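Chemist: One structure is given below, represented as structure tokens, and several questions about it will come after.
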There are 2 protein chains.
Amino acid sequence: MSLDRMIEKIAALQNPTVAGLDPKLDYIPSYIKEKAYAACGKTLEGAAAAILEYNKGLIDALSPIVPAVKPQAAYYEMYGWQGVRTLCETIRYAREKGMFVITDGKRNDIGATMEAYAAAHLGVTAVEEETAEAFGADALTVNGYLGSDGIRPLLKVCQQGDKGIFVLVKTSNPSSGELQDEALAGGAAVYRTMGGFCEKWGAELPGKYGYSGVGAVVGATYPAQLGELRAALPATFFLVPGYGAQGGGAADVAPGFDKNGLGAIVNASRSILCAWQKTGAAEKDYAKAAAAEAVRMRDDIMALVGEIRLP
Amino acid sequence: MSLDRMIEKIAALQNPTVAGLDPKLDYIPSYIKEKAYAACGKTLEGAAAAILEYNKGLIDALSPIVPAVKPQAAYYEMYGWQGVRTLCETIRYAREKGMFVITDGKRNDIGATMEAYAAAHLGVTAVEEETAEAFGADALTVNGYLGSDGIRPLLKVCQQGDKGIFVLVKTSNPSSGELQDEALAGGAAVYRTMGGFCEKWGAELPGKYGYSGVGAVVGATYPAQLGELRAALPATFFLVPGYGAQGGGAADVAPGFDKNGLGAIVNASRSILCAWQKTGAAEKDYAKAAAAEAVRMRDDIMALVGEIRLP
């Protein structure tokens with residue numbers, strides 16, 4: 001009912017990072033693509049097949065090192081239902097390899113519709129008296145603009161299935177402040193108010209390490225706000241995008257951690273996915289290059305975090 | 001590059017409504033379900049097959065009367081990639097029948113990721129030198145919490161493909177005010193500020209009837225705000241949920257229309273989908289009952305709107 005499984009995995013591997021699986025065809029070695037195109041043509045089906053094989057190689061190489069993966073739904077939806085099938089199979093494969101899976105879908109809706117999203121991504125779907133897992137991730141990113149009606153249906157599913165959510169609070173992009181930094185009449189910025197909602201919603205999903213099942217997305221590109229929110233939201237675990245390609249470094253993510261080295265999981269996507277291209281590695285070594293970059297990132301961040309201890 | 005095709009369709013049919021395709025298995029006649037289960041079992045595949053047949057029947061009956069359908073992505077994702085395939089096939093079928101299709105996905109992200117969503121739902125996807133339509137809707141609902149970085153990638157795709165978006169402004173649910181009604185330091189509520197963004201973004205996608213390609217979602221359950229926003233946002237077309245099952249009536253949606261009877265398209269889902277159950281119709285007449293309810297809704301709203309004229 002919380003993010004405890006993720007926290008235990010972070011501590012076991014002494015690695016507070018997550019690999020973003022945002023596959024673009026440009027990142028995929030040509031021997032994988034050629035095989036897929038030969039079988040399925042240069043079609044959505046062919047692209048989806050290439051992405052699945054690429055992802056599996058990455059997961060094989062990353063799973064001994066990195067506690068979690070974060071597939072970004074958009075990069076699968078762009079290949080149609082065939083791409084969405086690859087998302088489903090990627091999630092299943094990563095979970096089989098022991099990884100914690102955060103689907104980055106930023107889903108949002110209300111009432112029965114949000115229940116449907118909760119069932120889709122974190123729970124089970126009933127077909128008459130039978131049930132099936134539709135996507136079966138461990139956690140889902142969500143957008144709280146619609147208020148509690150959009151979040152409560154998720155809390156129930158998280159409770160039943162030992163799952164978690166991450167609510168967008170302060171995103172990593174340059175224009176995130178257009179709304180999120182605006183001060184409300186009471187004085188607090190919109191992002192701070194949304195953070196307060198996370199603490200309130202999270203009180204219904206307490207965890208044994210002090211963090212609830214309701215986390216928050218807070219960008220590495222805003223280190224001051226990251227530190228401010230870490231102090232203000234003691235029960236809210238942060239998913240921190242913006243490290244690497246978006247410009248954040250270890251010093252920028254450091255304010256997200258607590259005294260036990262917990263409180264944040266830092267995402268990198270492109271730097272890991274494209275490591276083979278950046279280092280000039282052979283195509284066949286793409287996953288090895290990704291793992292080496294994941295180790296470099298882990299060491300970069302752990303040099304500032306020190307040790308991760310379960311309280 | 002705007003919502004002109006939708007507006008022309010509304011005027012041609014003299015019907016400013018959209019049928020929400022939010023299929024639940026409970027709404028589907030048992031003869032359809034039994035056939036699908038016999039072929040595929042009580043599985044995600046079986047549910048997805050039943051939903052597709054149900055939707056096609058509805059589209060056949062509604063397309064001469066209703067200008068648009070709005071499939072809600074959550075109800076397809078809950079049946080896994082098989083359900084998402086049904087979403088794709090539903091969109092294709094509705095477009096073949098001449099309907100304007102609004103995918104209700106409330107998608108949101110930034111930069112390249114939002115480009116991927118734009119390609120997925122409104123544009124085309126490149127697979128090397130080939131291109132394919134992934135979902136191919138006419139419009140998409142989106143959430144603007146992330147600011148301009150999350151919207152601009154859509155504008156480009158809308159421009160290229162004559163498509164539109166609807167940004168969540170004031171949603172129909174009871175808790176929508178938790179954030180959306182909060183006053184910002186400048187005095188305007190969050191929803192009003194988001195509405196202002198829609199006018200600004202929409203200036204890049206002008207339409208020939210005065211409405212841009214950037215619409216707004218404004219709930220029928222808040223008629224005062226609907227009227228306030230109609231006056232304040234002259235170039236922003238409203239997608240209005242909350243009529244029918246959520247409690248809004250014709251008098252509640254009336255403030256969303258301009259003097260030409262344009263400016264709003266009102267959604268109903270459950271009342272149309274379940275009309276056969278509510279009226280005690282025979283299962284085989286489910287689509288006929290849906291069409292009768294769509295006519296009743298049209299007449300209910302048109303009694304207040306009067307005539308729809310293209311300026």
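All residue names refer to the structure tokens as shown: chains lettered A, B, ... in order, residues numbered from 1 in each chain, ligands numbered from 1 in order.
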Find the residues around region 23-40 of chain B up to 7 Å (only C-alpha atoms counted), leave out those fewer than 3 positions away in its own chain, and share them as number ranges by chain.

Modeler: B: 43, 45-46, 49-51, 54, 75, 273-274, 283

Chemist: Taking 3 positions as the minimum chain separation for residues in the same chain, which residues sit within 7 Å of Ala268 (chain A) when counting only C-alpha atoms? Answer as a PyMOL selection string.

Modeler: chain A and resi 18-20+241+243-244+271-272

Chemist: I need the residues from that last selection saved to file as a short mmCIF file (atom, residue, chain, number, x, y, z; two decimals), in the first residue's frame (with N, CA and C atoms), if you can.

Modeler:
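Result saved to again.cif:
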data_model
loop_
_atom_site.label_atom_id
_atom_site.label_comp_id
_atom_site.auth_asym_id
_atom_site.auth_seq_id
_atom_site.Cartn_x
_atom_site.Cartn_y
_atom_site.Cartn_z
N VAL A 18 16.50 5.60 -11.25
CA VAL A 18 15.55 4.86 -12.08
C VAL A 18 15.90 5.14 -13.54
N ALA A 19 15.86 4.09 -14.34
CA ALA A 19 16.18 4.24 -15.76
C ALA A 19 14.89 4.49 -16.54
N GLY A 20 14.83 5.63 -17.19
CA GLY A 20 13.65 5.95 -18.00
C GLY A 20 13.70 5.21 -19.32
N PRO A 241 12.97 13.89 -12.10
CA PRO A 241 13.47 13.91 -13.48
C PRO A 241 14.38 15.12 -13.68
N TYR A 243 17.78 15.00 -14.41
CA TYR A 243 19.21 14.73 -14.27
C TYR A 243 19.75 14.36 -15.66
N GLY A 244 20.98 14.80 -15.93
CA GLY A 244 21.59 14.38 -17.21
C GLY A 244 21.21 15.29 -18.35
N SER A 271 20.48 9.70 -21.39
CA SER A 271 21.91 9.44 -21.16
C SER A 271 22.19 7.95 -21.04
N ILE A 272 21.22 7.18 -20.53
CA ILE A 272 21.39 5.73 -20.41
C ILE A 272 21.07 5.04 -21.74
#

Chemist: Pick out the chain A residues within 6 Å of chain B. Count only C-alpha atoms. Give them as a list of chain:residue names.

Modeler: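 Close enough to count are A:Lys42, A:Ala74, A:Tyr75, A:Glu77, A:Met78, A:Tyr79, A:Gly80, A:Trp81, A:Val84, A:Arg85, A:Ala116, A:Tyr117, A:Ala119, A:Ala120, A:Val127, A:Ala134, A:Leu146, A:Gly147, A:Ser148, A:Asp149, A:Ser175, A:Ser176, A:Glu178, A:Ala183, A:Leu184, A:Ala185.
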
Chemist: Using only C-alpha atoms, determine which residues lie at most 8 Å from Ala94 (chain A), disregarding the query and same-chain residues fewer than 5 positions distant; provide the list as a ChimeraX atom specification.

Modeler: /A:56,59,63,69,99-101

Chemist: Emit the selected residues as a compact mmCIF listing (two decimals), in the first residue's frame, including N, CA and C atoms.

Modeler:
# COMPACT_ATOMS: atom_id res chain seq x y z
N LYS A 56 14.32 -5.26 -23.68
CA LYS A 56 14.67 -6.48 -22.95
C LYS A 56 16.18 -6.54 -22.72
N ILE A 59 16.97 -4.13 -19.94
CA ILE A 59 16.51 -4.63 -18.63
C ILE A 59 17.45 -5.73 -18.13
N SER A 63 19.06 -4.59 -14.63
CA SER A 63 18.36 -5.08 -13.44
C SER A 63 19.28 -5.45 -12.26
N VAL A 69 12.64 0.84 -13.33
CA VAL A 69 12.54 1.43 -14.66
C VAL A 69 11.28 2.28 -14.74
N MET A 99 12.63 -5.81 -11.15
CA MET A 99 12.66 -4.35 -11.10
C MET A 99 11.31 -3.79 -10.67
N PHE A 100 11.34 -2.63 -10.02
CA PHE A 100 10.15 -1.88 -9.67
C PHE A 100 9.80 -1.03 -10.90
N VAL A 101 8.54 -1.09 -11.33
CA VAL A 101 8.16 -0.42 -12.58
C VAL A 101 7.22 0.75 -12.32

Chemist: Residues of region 37-217 of chain B in strand (DSSP E or B) according to DSSP, as a ChimeraX atom specification?

Modeler: /B:68-72,100-107,125-127,130-132,139-142,164-170,183-184,189,214-217

Chemist: Using only C-alpha atoms, determine which residues lie at most 7 Å from region 225-233 of chain B, disregarding the query and same-chain residues fewer than 6 positions distant; provide the list as an MDAnalysis selection string.

Modeler: chainID B and resid 195 199 218 255:256

Chemist: Hey, can you spit out that residue selection with N, CA and C atoms as a PDB file, in the first residue's frame?

Modeler:
ATOM      1  N   GLY B 195      -7.642  29.390 -18.547  1.00  0.00           N
ATOM      2  CA  GLY B 195      -8.452  29.832 -19.673  1.00  0.00           C
ATOM      3  C   GLY B 195      -7.727  30.890 -20.500  1.00  0.00           C
ATOM      4  N   GLU B 199      -6.531  31.073 -24.697  1.00  0.00           N
ATOM      5  CA  GLU B 199      -6.642  32.153 -25.690  1.00  0.00           C
ATOM      6  C   GLU B 199      -5.284  32.449 -26.314  1.00  0.00           C
ATOM      7  N   VAL B 218     -14.833  22.741 -19.827  1.00  0.00           N
ATOM      8  CA  VAL B 218     -15.495  23.499 -18.763  1.00  0.00           C
ATOM      9  C   VAL B 218     -16.782  22.752 -18.403  1.00  0.00           C
ATOM     10  N   PRO B 255     -25.191  28.876 -20.792  1.00  0.00           N
ATOM     11  CA  PRO B 255     -24.214  29.986 -20.751  1.00  0.00           C
ATOM     12  C   PRO B 255     -22.952  29.738 -21.569  1.00  0.00           C
ATOM     13  N   GLY B 256     -22.738  28.505 -22.048  1.00  0.00           N
ATOM     14  CA  GLY B 256     -21.531  28.205 -22.816  1.00  0.00           C
ATOM     15  C   GLY B 256     -21.630  28.625 -24.279  1.00  0.00           C
TER      16      GLY B 256
END

Chemist: Could you pull out the helix (DSSP H, G or I) residues of region 81-228 of chain A, going by DSSP on the backbone, and write them as a ChimeraX atom specification?

Modeler: /A:81-96,111-121,148-161,174-180,190-202,223-228

Chemist: Give me, as a list of chain:residue names, all polymer residues having an atom no more than 9 Å from Asp138 (chain A), counting only C-alpha atoms and skipping those fewer than 3 positions away in the same chain.

Modeler: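 Here the qualifying residues turn out to be A:Leu3, A:Met6, A:Arg95, A:Phe100, A:Val101, A:Ile102, A:Thr103, A:His121, A:Leu122, A:Cys158, A:Gly161, A:Asp162, A:Lys163, A:Gly164, A:Ile165.
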
Chemist: I want to know what sits within 9 Å of Pro223 (chain B), based on only C-alpha atoms, with residues of the same chain fewer than 6 positions away left out; could you give that as a list in words?

Modeler: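 What passes the distance filter is Gly248, Ala251, Asp252, Val253, Ala254, Pro255 and Gly256 of chain B.
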
Chemist: Quick one: write out the picked residues with C-alpha atoms as an mmCIF file, in the first residue's frame?

Modeler:
data_model
loop_
_atom_site.group_PDB
_atom_site.id
_atom_site.type_symbol
_atom_site.label_atom_id
_atom_site.label_comp_id
_atom_site.auth_asym_id
_atom_site.auth_seq_id
_atom_site.Cartn_x
_atom_site.Cartn_y
_atom_site.Cartn_z
ATOM 1 C CA GLY B 248 -26.186 19.306 -15.485
ATOM 2 C CA ALA B 251 -30.139 25.544 -18.527
ATOM 3 C CA ASP B 252 -26.714 24.758 -17.050
ATOM 4 C CA VAL B 253 -25.008 24.435 -20.426
ATOM 5 C CA ALA B 254 -26.768 27.413 -22.053
ATOM 6 C CA PRO B 255 -24.214 29.986 -20.751
ATOM 7 C CA GLY B 256 -21.531 28.205 -22.816
#

Chemist: How many Å lie between CA of Phe166 (chain A) and CA of Val240 (chain A), rounded to one decimal?

Modeler: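 The value is 10.3 Å.
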
Chemist: As a list in words, please: the residues near region 207-215 of chain B (cut-off 7 Å, only C-alpha atoms, same-chain neighbours under 6 positions excluded).

Modeler: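 Once the adjacent positions are removed, what remains is Met1, Ser2, Leu3, Asp4, Lys163, Gly164, Ile165, Phe166, Val167, Cys198, Trp201, Ala235, Thr236, Phe237, Phe238, Leu310 and Pro311 of chain B.
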